[in-house]
file my_file.cif (mmCIF, C-alpha atoms and all ligand atoms)
data_entry
#
loop_
_atom_site.label_atom_id
_atom_site.label_comp_id
_atom_site.auth_asym_id
_atom_site.auth_seq_id
_atom_site.Cartn_x
_atom_site.Cartn_y
_atom_site.Cartn_z
CA MET E 905 58.48 -120.02 -77.84
CA ARG E 906 58.95 -123.71 -77.01
CA LYS E 907 59.96 -124.70 -73.51
CA THR E 908 62.58 -127.28 -72.56
CA LEU E 909 62.52 -128.82 -69.09
CA ILE E 910 65.68 -130.49 -67.84
CA VAL E 911 65.12 -132.85 -64.90
CA SER E 912 68.36 -134.10 -63.39
CA TYR E 913 69.59 -136.32 -60.61
CA LEU E 914 73.37 -136.00 -60.80
CA ALA E 915 74.55 -136.70 -57.28
CA ARG E 916 78.26 -136.60 -58.24
CA GLY E 917 77.91 -132.97 -59.31
CA GLU E 918 80.73 -131.74 -61.52
CA ARG E 919 82.37 -135.21 -61.56
CA SER E 920 79.29 -136.74 -63.17
CA ASN E 921 79.79 -138.28 -66.61
CA THR E 922 76.05 -138.07 -67.22
CA LYS E 923 76.34 -134.31 -66.64
CA LYS E 924 78.99 -134.03 -69.38
CA ILE E 925 76.50 -135.52 -71.84
CA LEU E 926 73.70 -133.28 -70.60
CA ASP E 927 75.98 -130.23 -70.97
CA ALA E 928 76.71 -131.21 -74.59
CA PHE E 929 72.97 -131.31 -75.28
CA SER E 930 72.26 -128.06 -73.41
CA ALA E 931 74.91 -126.21 -75.40
CA CYS E 932 72.88 -126.89 -78.58
CA ILE E 933 69.51 -125.65 -77.27
CA LYS E 934 68.23 -122.66 -79.22
CA GLY E 935 64.88 -120.99 -79.80
CA SER E 936 63.54 -122.44 -76.56
CA SER E 937 63.20 -121.29 -72.99
CA VAL E 938 64.85 -123.64 -70.50
CA GLU E 939 63.70 -124.62 -67.03
CA THR E 940 65.68 -126.93 -64.79
CA LEU E 941 64.61 -129.17 -61.94
CA ASP E 942 67.47 -130.55 -59.85
CA LEU E 943 66.12 -133.54 -57.93
CA CYS E 944 69.16 -133.47 -55.61
CA LYS E 945 68.07 -130.02 -54.39
CA ASN E 946 64.33 -130.54 -54.72
CA PRO E 947 63.56 -134.24 -54.17
CA PRO E 948 60.07 -135.43 -55.06
CA ASP E 949 57.56 -136.73 -52.52
CA PHE E 950 56.71 -140.41 -52.25
CA PHE E 951 53.20 -141.74 -52.37
CA MET E 952 52.27 -142.60 -48.79
CA PRO E 953 48.83 -143.52 -47.37
CA ASP E 954 47.55 -139.94 -46.88
CA ASN E 955 48.54 -138.40 -50.23
CA LEU E 956 47.75 -141.62 -52.11
CA SER E 957 44.16 -141.58 -50.89
CA VAL E 958 43.82 -137.97 -52.08
CA TYR E 959 45.23 -138.99 -55.49
CA TYR E 960 42.74 -141.86 -55.86
CA GLU E 961 39.74 -139.84 -54.68
CA ARG E 962 40.60 -136.85 -56.87
CA ASN E 963 42.21 -138.28 -60.03
CA TYR E 964 40.28 -141.56 -60.27
CA GLY E 965 37.11 -140.69 -58.34
CA GLY E 966 36.67 -137.12 -59.62
CA GLN E 967 35.93 -135.97 -56.07
CA LYS E 968 36.48 -132.45 -54.79
CA ILE E 969 39.03 -132.58 -52.00
CA GLU E 970 39.12 -130.15 -49.11
CA PRO E 971 42.11 -127.79 -49.45
CA LYS E 972 43.93 -129.04 -46.36
CA ARG E 973 44.02 -132.61 -47.70
CA GLU E 974 44.65 -131.59 -51.32
CA ALA E 975 47.72 -129.68 -50.11
CA LEU E 976 49.31 -133.11 -49.53
CA MET E 977 49.58 -133.33 -53.33
CA LYS E 978 51.05 -129.81 -53.73
CA LYS E 979 54.59 -130.79 -54.63
CA MET E 980 53.46 -133.56 -56.97
CA ASP E 981 50.94 -131.21 -58.59
CA GLU E 982 53.54 -128.48 -59.09
CA MET E 983 55.96 -130.98 -60.65
CA ALA E 984 53.21 -132.37 -62.90
CA ALA E 985 52.17 -128.87 -64.03
CA GLN E 986 55.78 -127.96 -64.81
CA PHE E 987 56.27 -131.23 -66.74
CA LYS E 988 53.06 -130.66 -68.69
CA SER E 989 54.02 -127.09 -69.57
CA ALA E 990 57.19 -128.19 -71.42
CA ASP E 991 57.46 -129.12 -75.11
CA ILE E 992 60.77 -130.94 -74.76
CA ILE E 993 61.69 -132.95 -71.67
CA VAL E 994 65.25 -134.04 -70.93
CA THR E 995 66.08 -136.32 -68.01
CA ALA E 996 69.65 -136.92 -66.88
CA ALA E 997 70.52 -139.54 -64.28
CA PRO E 998 72.95 -142.48 -64.10
CA MET E 999 71.96 -146.12 -63.72
CA ASN E 1000 71.61 -147.23 -60.10
CA ASN E 1001 71.03 -150.92 -59.45
CA PHE E 1002 69.91 -151.67 -63.00
CA SER E 1003 67.31 -148.89 -63.16
CA PHE E 1004 66.82 -145.21 -62.39
CA PRO E 1005 67.97 -143.71 -59.13
CA ALA E 1006 65.00 -143.70 -56.73
CA PRO E 1007 64.44 -139.90 -56.89
CA LEU E 1008 63.82 -140.10 -60.65
CA LYS E 1009 61.37 -142.97 -60.12
CA ALA E 1010 59.55 -140.93 -57.47
CA TYR E 1011 59.53 -138.00 -59.92
CA PHE E 1012 57.77 -140.13 -62.53
CA ASP E 1013 55.34 -141.33 -59.84
CA SER E 1014 54.65 -137.64 -59.12
CA ILE E 1015 54.06 -136.48 -62.68
CA MET E 1016 52.36 -139.54 -64.21
CA GLN E 1017 48.99 -138.46 -62.86
CA LYS E 1018 45.77 -139.77 -64.39
CA GLY E 1019 43.94 -136.92 -66.07
CA VAL E 1020 47.10 -134.81 -66.28
CA THR E 1021 49.73 -136.62 -68.36
CA TRP E 1022 47.71 -139.72 -69.33
CA THR E 1023 44.13 -140.86 -69.12
CA ILE E 1024 41.87 -143.80 -69.88
CA GLY E 1025 39.84 -143.38 -73.08
CA ALA E 1026 37.47 -145.63 -75.00
CA ALA E 1027 40.40 -147.57 -76.44
CA GLY E 1028 42.35 -147.87 -73.18
CA TYR E 1029 45.30 -145.82 -71.94
CA GLU E 1030 45.83 -142.52 -73.75
CA GLY E 1031 48.82 -140.21 -73.48
CA MET E 1032 48.26 -136.50 -72.88
CA MET E 1033 51.77 -135.37 -73.91
CA LYS E 1034 51.23 -135.79 -77.66
CA GLY E 1035 53.27 -133.62 -80.01
CA LYS E 1036 56.13 -133.41 -77.48
CA LYS E 1037 59.63 -134.84 -77.40
CA ALA E 1038 61.66 -136.50 -74.66
CA LEU E 1039 65.29 -137.46 -74.26
CA ALA E 1040 66.69 -139.59 -71.42
CA ILE E 1041 70.43 -139.25 -70.85
CA THR E 1042 72.17 -141.83 -68.72
CA SER E 1043 75.43 -143.65 -68.06
CA SER E 1044 76.34 -146.93 -66.44
CA GLY E 1045 79.34 -148.78 -65.14
CA GLY E 1046 78.52 -151.93 -67.11
CA VAL E 1047 77.23 -152.79 -70.57
CA TYR E 1048 73.91 -154.57 -70.95
CA GLU E 1049 73.59 -156.47 -74.21
CA GLY E 1050 73.25 -160.07 -75.32
CA GLU E 1051 72.83 -162.31 -72.27
CA THR E 1052 72.72 -159.39 -69.83
CA ALA E 1053 70.41 -157.13 -71.88
CA ALA E 1054 67.51 -158.10 -69.59
CA TYR E 1055 69.34 -156.60 -66.59
CA ASP E 1056 68.84 -153.11 -68.03
CA HIS E 1057 65.56 -151.94 -66.50
CA TYR E 1058 66.38 -148.29 -67.20
CA SER E 1059 65.92 -147.78 -70.91
CA GLY E 1060 62.85 -150.03 -71.26
CA LEU E 1061 61.17 -148.50 -68.22
CA ILE E 1062 61.72 -144.89 -69.22
CA LYS E 1063 60.57 -145.62 -72.79
CA ALA E 1064 57.40 -147.28 -71.40
CA GLN E 1065 56.66 -144.30 -69.15
CA LEU E 1066 57.24 -141.72 -71.88
CA SER E 1067 55.25 -143.64 -74.48
CA MET E 1068 52.35 -144.13 -72.04
CA MET E 1069 52.25 -140.33 -71.78
CA GLY E 1070 52.08 -140.08 -75.58
CA PHE E 1071 55.39 -138.43 -76.44
CA ASP E 1072 55.95 -138.40 -80.23
CA ALA E 1073 59.74 -138.62 -80.12
CA ILE E 1074 61.53 -140.64 -77.43
CA GLU E 1075 65.30 -141.01 -77.34
CA VAL E 1076 67.47 -142.76 -74.77
CA ILE E 1077 71.21 -142.12 -74.94
CA SER E 1078 73.49 -144.07 -72.65
CA ALA E 1079 77.23 -144.02 -72.08
CA ALA E 1080 77.63 -147.65 -71.01
CA GLY E 1081 80.67 -149.44 -69.63
CA LEU E 1082 82.39 -146.51 -67.91
CA ASN E 1083 83.57 -148.62 -64.96
CA ILE E 1084 84.41 -151.86 -66.74
CA PHE E 1085 86.33 -150.11 -69.53
CA PRO E 1086 88.02 -147.21 -67.67
CA ASP E 1087 90.59 -146.59 -70.42
CA ARG E 1088 87.80 -146.20 -73.00
CA ALA E 1089 85.49 -144.18 -70.74
CA ALA E 1090 86.38 -140.79 -72.24
CA ASP E 1091 85.64 -142.08 -75.76
CA ILE E 1092 82.37 -143.66 -74.66
CA VAL E 1093 81.24 -140.36 -73.11
CA GLU E 1094 82.35 -138.46 -76.21
CA THR E 1095 80.32 -140.78 -78.47
CA ALA E 1096 77.24 -140.17 -76.29
CA CYS E 1097 77.90 -136.40 -76.48
CA SER E 1098 77.93 -136.60 -80.30
CA LYS E 1099 74.64 -138.53 -80.29
CA VAL E 1100 72.84 -135.99 -78.08
CA LYS E 1101 74.23 -133.11 -80.17
CA THR E 1102 72.75 -134.73 -83.29
CA ILE E 1103 69.38 -135.07 -81.54
CA ALA E 1104 69.50 -131.43 -80.38
CA GLU E 1105 70.41 -130.20 -83.86
CA GLY E 1106 67.31 -131.97 -85.22
CA TRP E 1107 64.96 -130.86 -82.45
CA TYR E 1108 66.11 -127.21 -82.31
CA ALA E 1109 66.62 -126.71 -86.07
C1 LIG E 1201 74.41 -146.70 -55.94
C2 LIG E 1201 74.97 -147.03 -57.30
C3 LIG E 1201 74.42 -148.07 -58.02
C4 LIG E 1201 74.93 -148.38 -59.28
N1 LIG E 1201 74.35 -149.40 -59.98
C5 LIG E 1201 74.83 -149.71 -61.20
C6 LIG E 1201 74.24 -150.77 -61.96
O1 LIG E 1201 73.27 -151.42 -61.56
N2 LIG E 1201 74.74 -151.05 -63.17
C7 LIG E 1201 75.80 -150.35 -63.69
O2 LIG E 1201 76.20 -150.66 -64.80
N3 LIG E 1201 76.37 -149.34 -63.00
C8 LIG E 1201 75.91 -148.99 -61.78
N4 LIG E 1201 76.47 -147.97 -61.07
C9 LIG E 1201 77.56 -147.21 -61.70
C10 LIG E 1201 77.08 -145.90 -62.30
O3 LIG E 1201 75.91 -146.09 -63.08
C11 LIG E 1201 78.14 -145.33 -63.23
O4 LIG E 1201 79.35 -145.16 -62.54
C12 LIG E 1201 77.68 -144.00 -63.83
O5 LIG E 1201 78.44 -143.69 -64.94
C13 LIG E 1201 77.76 -142.88 -62.82
O6 LIG E 1201 77.27 -141.71 -63.43
P1 LIG E 1201 77.75 -140.25 -63.02
O7 LIG E 1201 79.20 -140.12 -63.40
O8 LIG E 1201 76.86 -139.37 -63.83
O9 LIG E 1201 77.51 -140.11 -61.56
C14 LIG E 1201 76.00 -147.63 -59.83
C15 LIG E 1201 76.54 -146.59 -59.08
C16 LIG E 1201 76.03 -146.28 -57.84
C17 LIG E 1201 76.62 -145.14 -57.05
#

call {"tool": "encode", "arguments": {"input": "my_file.cif", "output": "structure tokens", "more": "lines below"}}
Ligand SMILES: Cc1cc2nc3c(=O)[nH]c(=O)nc-3n(C[C@H](O)[C@H](O)[C@H](O)COP(=O)(O)O)c2cc1C
result
Amino acid sequence: MRKTLIVSYLARGERSNTKKILDAFSACIKGSSVETLDLCKNPPDFFMPDNLSVYYERNYGGQKIEPKREALMKKMDEMAAQFKSADIIVTAAPMNNFSFPAPLKAYFDSIMQKGVTWTIGAAGYEGMMKGKKALAITSSGGVYEGETAAYDHYSGLIKAQLSMMGFDAIEVISAAGLNIFPDRAADIVETACSKVKTIAEGWYA
């Protein structure tokens, strides 16, 4: 059976609009086991001097690391193994300051490990998540198009990360403008819900 991993950072809990869209997707999952990782409850580690040196020595240098030092990578390694074990990845987090909330960025820093989710082959970077699908669900207070399109560092960044890892199908669905158009917010969320349902119907057919 396929496995779906849902990674969320929804700090507003039940009030979250991003959560409403995620719930619409989740309701359509079938024929798949589901694992969830709530980054509010289980925040990822950051790379700091001690664990970063282990990462370089091990993942780039191919060195064997003594267990006490390698344990510094334990949380990152567990998150990377869980990510790698899934066939369908769904992330859900709103836009914060034109990009992902920091915990989701730290999550990608944790799981984008050389030799685990991507590598360097004869032709350059090579993804190791081929044959898998990924959906990023988000929402934002503003709308980024035309002159302000370049302010959106969320959708381009997450697409770059997922495509570097080799995902076959990458979708980003955003409910944009929820704060600047409060009287249209419910419709904007509903449109995003319809889009993720259509994706789920295709992926879980
Ligand atoms: C710390 C913080 C930073 C934010 N930064 C942006 C931003 O850069 N651009 C934007 O359009 N909205 C921004 N917002 C608004 C949220 O993205 C928006 O309200 C979103 O829909 C909240 O999602 P939620 O209901 O799932 O929590 C920010 C909100 C917070 C709390």

call {"tool": "closest_residue", "arguments": {"input": "my_file.cif", "among": "E:Ala985, E:Ala975, E:Ala1080, E:Val994", "to": "ligand LIG 1201 (chain E)", "atoms": "only C-alpha atoms and all ligand atoms"}}
result
E:Ala1080

call {"tool": "residues_near_ligand", "arguments": {"input": "my_file.cif", "ligand": "ligand LIG 1201 (chain E)", "cutoff": "12 Å", "atoms": "only C-alpha atoms and all ligand atoms", "output": "VMD selection string"}}
result
chain E and resid 912 to 927 995 to 1006 1041 to 1049 1052 to 1058 1078 to 1086 1089 to 1090 1092 to 1093 1096

call {"tool": "write_last_selection", "arguments": {"input": "my_file.cif", "atoms": "C-alpha atoms", "output": "PDB file, in the coordinates of the input"}}
result
ATOM      1  CA  SER E 912      68.360-134.100 -63.390  1.00  0.00           C
ATOM      2  CA  TYR E 913      69.590-136.320 -60.610  1.00  0.00           C
ATOM      3  CA  LEU E 914      73.370-136.000 -60.800  1.00  0.00           C
ATOM      4  CA  ALA E 915      74.550-136.700 -57.280  1.00  0.00           C
ATOM      5  CA  ARG E 916      78.260-136.600 -58.240  1.00  0.00           C
ATOM      6  CA  GLY E 917      77.910-132.970 -59.310  1.00  0.00           C
ATOM      7  CA  GLU E 918      80.730-131.740 -61.520  1.00  0.00           C
ATOM      8  CA  ARG E 919      82.370-135.210 -61.560  1.00  0.00           C
ATOM      9  CA  SER E 920      79.290-136.740 -63.170  1.00  0.00           C
ATOM     10  CA  ASN E 921      79.790-138.280 -66.610  1.00  0.00           C
ATOM     11  CA  THR E 922      76.050-138.070 -67.220  1.00  0.00           C
ATOM     12  CA  LYS E 923      76.340-134.310 -66.640  1.00  0.00           C
ATOM     13  CA  LYS E 924      78.990-134.030 -69.380  1.00  0.00           C
ATOM     14  CA  ILE E 925      76.500-135.520 -71.840  1.00  0.00           C
ATOM     15  CA  LEU E 926      73.700-133.280 -70.600  1.00  0.00           C
ATOM     16  CA  ASP E 927      75.980-130.230 -70.970  1.00  0.00           C
ATOM     17  CA  THR E 995      66.080-136.320 -68.010  1.00  0.00           C
ATOM     18  CA  ALA E 996      69.650-136.920 -66.880  1.00  0.00           C
ATOM     19  CA  ALA E 997      70.520-139.540 -64.280  1.00  0.00           C
ATOM     20  CA  PRO E 998      72.950-142.480 -64.100  1.00  0.00           C
ATOM     21  CA  MET E 999      71.960-146.120 -63.720  1.00  0.00           C
ATOM     22  CA  ASN E1000      71.610-147.230 -60.100  1.00  0.00           C
ATOM     23  CA  ASN E1001      71.030-150.920 -59.450  1.00  0.00           C
ATOM     24  CA  PHE E1002      69.910-151.670 -63.000  1.00  0.00           C
ATOM     25  CA  SER E1003      67.310-148.890 -63.160  1.00  0.00           C
ATOM     26  CA  PHE E1004      66.820-145.210 -62.390  1.00  0.00           C
ATOM     27  CA  PRO E1005      67.970-143.710 -59.130  1.00  0.00           C
ATOM     28  CA  ALA E1006      65.000-143.700 -56.730  1.00  0.00           C
ATOM     29  CA  ILE E1041      70.430-139.250 -70.850  1.00  0.00           C
ATOM     30  CA  THR E1042      72.170-141.830 -68.720  1.00  0.00           C
ATOM     31  CA  SER E1043      75.430-143.650 -68.060  1.00  0.00           C
ATOM     32  CA  SER E1044      76.340-146.930 -66.440  1.00  0.00           C
ATOM     33  CA  GLY E1045      79.340-148.780 -65.140  1.00  0.00           C
ATOM     34  CA  GLY E1046      78.520-151.930 -67.110  1.00  0.00           C
ATOM     35  CA  VAL E1047      77.230-152.790 -70.570  1.00  0.00           C
ATOM     36  CA  TYR E1048      73.910-154.570 -70.950  1.00  0.00           C
ATOM     37  CA  GLU E1049      73.590-156.470 -74.210  1.00  0.00           C
ATOM     38  CA  THR E1052      72.720-159.390 -69.830  1.00  0.00           C
ATOM     39  CA  ALA E1053      70.410-157.130 -71.880  1.00  0.00           C
ATOM     40  CA  ALA E1054      67.510-158.100 -69.590  1.00  0.00           C
ATOM     41  CA  TYR E1055      69.340-156.600 -66.590  1.00  0.00           C
ATOM     42  CA  ASP E1056      68.840-153.110 -68.030  1.00  0.00           C
ATOM     43  CA  HIS E1057      65.560-151.940 -66.500  1.00  0.00           C
ATOM     44  CA  TYR E1058      66.380-148.290 -67.200  1.00  0.00           C
ATOM     45  CA  SER E1078      73.490-144.070 -72.650  1.00  0.00           C
ATOM     46  CA  ALA E1079      77.230-144.020 -72.080  1.00  0.00           C
ATOM     47  CA  ALA E1080      77.630-147.650 -71.010  1.00  0.00           C
ATOM     48  CA  GLY E1081      80.670-149.440 -69.630  1.00  0.00           C
ATOM     49  CA  LEU E1082      82.390-146.510 -67.910  1.00  0.00           C
ATOM     50  CA  ASN E1083      83.570-148.620 -64.960  1.00  0.00           C
ATOM     51  CA  ILE E1084      84.410-151.860 -66.740  1.00  0.00           C
ATOM     52  CA  PHE E1085      86.330-150.110 -69.530  1.00  0.00           C
ATOM     53  CA  PRO E1086      88.020-147.210 -67.670  1.00  0.00           C
ATOM     54  CA  ALA E1089      85.490-144.180 -70.740  1.00  0.00           C
ATOM     55  CA  ALA E1090      86.380-140.790 -72.240  1.00  0.00           C
ATOM     56  CA  ILE E1092      82.370-143.660 -74.660  1.00  0.00           C
ATOM     57  CA  VAL E1093      81.240-140.360 -73.110  1.00  0.00           C
ATOM     58  CA  ALA E1096      77.240-140.170 -76.290  1.00  0.00           C
TER      59      ALA E1096
END

call {"tool": "residues_around", "arguments": {"input": "my_file.cif", "residues": "Phe1071 (chain E)", "least_positions_apart": "3", "cutoff": "8 Å", "atoms": "only C-alpha atoms", "output": "PyMOL selection string"}}
result
chain E and resi 1031+1033-1038+1066-1068+1074

call {"tool": "residues_around", "arguments": {"input": "my_file.cif", "residues": "region 980-984 of chain E", "least_positions_apart": "5", "cutoff": "8 Å", "atoms": "all atoms listed in the file", "output": "short mmCIF file (atom, residue, chain, number, x, y, z; two decimals) with C-alpha atoms, in the frame of the given file"}}
result
data_model
loop_
_atom_site.label_atom_id
_atom_site.label_comp_id
_atom_site.auth_asym_id
_atom_site.auth_seq_id
_atom_site.Cartn_x
_atom_site.Cartn_y
_atom_site.Cartn_z
CA PRO E 948 60.07 -135.43 -55.06
CA ASP E 949 57.56 -136.73 -52.52
CA TYR E 1011 59.53 -138.00 -59.92
CA SER E 1014 54.65 -137.64 -59.12
CA ILE E 1015 54.06 -136.48 -62.68
CA MET E 1016 52.36 -139.54 -64.21
CA GLN E 1017 48.99 -138.46 -62.86
CA VAL E 1020 47.10 -134.81 -66.28
CA THR E 1021 49.73 -136.62 -68.36
#

call {"tool": "atom_distance", "arguments": {"input": "my_file.cif", "atom1": "CA of Ser936 (chain E)", "atom2": "CA of Ile1077 (chain E)"}}
result
21.2 Å

call {"tool": "residues_near_point", "arguments": {"input": "my_file.cif", "point": "(64.4, -142.9, -71.8)", "cutoff": "6 Å", "atoms": "all atoms listed in the file", "output": "CSV table (one decimal) with C-alpha atoms, in the coordinates of the input"}}
result
chain,number,residue,atom,x,y,z
E,1040,ALA,CA,66.7,-139.6,-71.4
E,1059,SER,CA,65.9,-147.8,-70.9
E,1062,ILE,CA,61.7,-144.9,-69.2
E,1063,LYS,CA,60.6,-145.6,-72.8
E,1075,GLU,CA,65.3,-141.0,-77.3
E,1076,VAL,CA,67.5,-142.8,-74.8

call {"tool": "atom_distance", "arguments": {"input": "my_file.cif", "atom1": "CA of Tyr1029 (chain E)", "atom2": "CA of Lys968 (chain E)"}}
result
23.5 Å

call {"tool": "atom_distance", "arguments": {"input": "my_file.cif", "atom1": "CA of Gly1070 (chain E)", "atom2": "CA of Met1032 (chain E)"}}
result
5.9 Å

call {"tool": "residues_around", "arguments": {"input": "my_file.cif", "residues": "Ser957 (chain E)", "least_positions_apart": "2", "cutoff": "12 Å", "atoms": "only C-alpha atoms", "output": "VMD selection string"}}
result
chain E and resid 951 to 955 959 to 965 967 969 973 to 974 976 to 977

call {"tool": "closest_residue", "arguments": {"input": "my_file.cif", "among": "E:Ile933, E:Leu1008, E:Ala1064, E:Ala928", "to": "Ser1098 (chain E)", "atoms": "only C-alpha atoms"}}
result
E:Ala928

call {"tool": "closest_residue", "arguments": {"input": "my_file.cif", "among": "E:Gly1106, E:Leu956, E:Ala990, E:Lys1099", "to": "Ile910 (chain E)", "atoms": "all atoms listed in the file"}}
result
E:Ala990

call {"tool": "closest_residue", "arguments": {"input": "my_file.cif", "among": "E:Thr1102, E:Gln986, E:Thr1095, E:Thr1023", "to": "Cys932 (chain E)", "atoms": "all atoms listed in the file"}}
result
E:Thr1102

call {"tool": "closest_residue", "arguments": {"input": "my_file.cif", "among": "E:Gly1025, E:Gly1050, E:Gly935, E:Pro1007", "to": "Trp1107 (chain E)", "atoms": "all atoms listed in the file"}}
result
E:Gly935

call {"tool": "closest_residue", "arguments": {"input": "my_file.cif", "among": "E:Lys988, E:Lys978, E:Lys1101, E:Arg906", "to": "Phe929 (chain E)", "atoms": "all atoms listed in the file"}}
result
E:Lys1101

call {"tool": "build_atoms", "arguments": {"input": "my_file.cif", "residues": "region 960-976 of chain E", "atoms": "N, CA and C atoms", "output": "mmCIF file, keeping the file's coordinate frame"}}
result
data_model
loop_
_atom_site.group_PDB
_atom_site.id
_atom_site.type_symbol
_atom_site.label_atom_id
_atom_site.label_comp_id
_atom_site.auth_asym_id
_atom_site.auth_seq_id
_atom_site.Cartn_x
_atom_site.Cartn_y
_atom_site.Cartn_z
ATOM 1 N N TYR E 960 43.799 -140.964 -55.356
ATOM 2 C CA TYR E 960 42.740 -141.860 -55.860
ATOM 3 C C TYR E 960 41.384 -141.166 -55.875
ATOM 4 N N GLU E 961 41.060 -140.488 -54.760
ATOM 5 C CA GLU E 961 39.740 -139.840 -54.680
ATOM 6 C C GLU E 961 39.595 -138.762 -55.745
ATOM 7 N N ARG E 962 40.661 -137.986 -55.944
ATOM 8 C CA ARG E 962 40.600 -136.850 -56.870
ATOM 9 C C ARG E 962 40.768 -137.300 -58.320
ATOM 10 N N ASN E 963 41.884 -138.012 -58.627
ATOM 11 C CA ASN E 963 42.210 -138.280 -60.030
ATOM 12 C C ASN E 963 41.440 -139.465 -60.610
ATOM 13 N N TYR E 964 41.091 -140.436 -59.779
ATOM 14 C CA TYR E 964 40.280 -141.560 -60.270
ATOM 15 C C TYR E 964 38.802 -141.343 -59.957
ATOM 16 N N GLY E 965 38.501 -140.805 -58.768
ATOM 17 C CA GLY E 965 37.110 -140.690 -58.340
ATOM 18 C C GLY E 965 36.436 -139.392 -58.744
ATOM 19 N N GLY E 966 37.237 -138.411 -59.217
ATOM 20 C CA GLY E 966 36.670 -137.120 -59.620
ATOM 21 C C GLY E 966 36.076 -136.334 -58.459
ATOM 22 N N GLN E 967 36.503 -136.658 -57.236
ATOM 23 C CA GLN E 967 35.930 -135.970 -56.070
ATOM 24 C C GLN E 967 36.646 -134.646 -55.799
ATOM 25 N N LYS E 968 35.889 -133.720 -55.231
ATOM 26 C CA LYS E 968 36.480 -132.450 -54.790
ATOM 27 C C LYS E 968 37.095 -132.715 -53.411
ATOM 28 N N ILE E 969 38.311 -132.273 -53.248
ATOM 29 C CA ILE E 969 39.030 -132.580 -52.000
ATOM 30 C C ILE E 969 39.163 -131.291 -51.196
ATOM 31 N N GLU E 970 38.975 -131.373 -49.923
ATOM 32 C CA GLU E 970 39.120 -130.150 -49.110
ATOM 33 C C GLU E 970 40.584 -129.690 -49.159
ATOM 34 N N PRO E 971 40.768 -128.340 -49.203
ATOM 35 C CA PRO E 971 42.110 -127.790 -49.450
ATOM 36 C C PRO E 971 43.213 -128.345 -48.555
ATOM 37 N N LYS E 972 42.891 -128.575 -47.288
ATOM 38 C CA LYS E 972 43.930 -129.040 -46.360
ATOM 39 C C LYS E 972 44.473 -130.416 -46.788
ATOM 40 N N ARG E 973 43.563 -131.282 -47.245
ATOM 41 C CA ARG E 973 44.020 -132.610 -47.700
ATOM 42 C C ARG E 973 44.662 -132.511 -49.074
ATOM 43 N N GLU E 974 44.096 -131.685 -49.958
ATOM 44 C CA GLU E 974 44.650 -131.590 -51.320
ATOM 45 C C GLU E 974 46.073 -131.027 -51.277
ATOM 46 N N ALA E 975 46.368 -130.242 -50.252
ATOM 47 C CA ALA E 975 47.720 -129.680 -50.110
ATOM 48 C C ALA E 975 48.778 -130.785 -49.997
ATOM 49 N N LEU E 976 48.362 -131.982 -49.604
ATOM 50 C CA LEU E 976 49.310 -133.110 -49.530
ATOM 51 C C LEU E 976 49.864 -133.467 -50.905
#
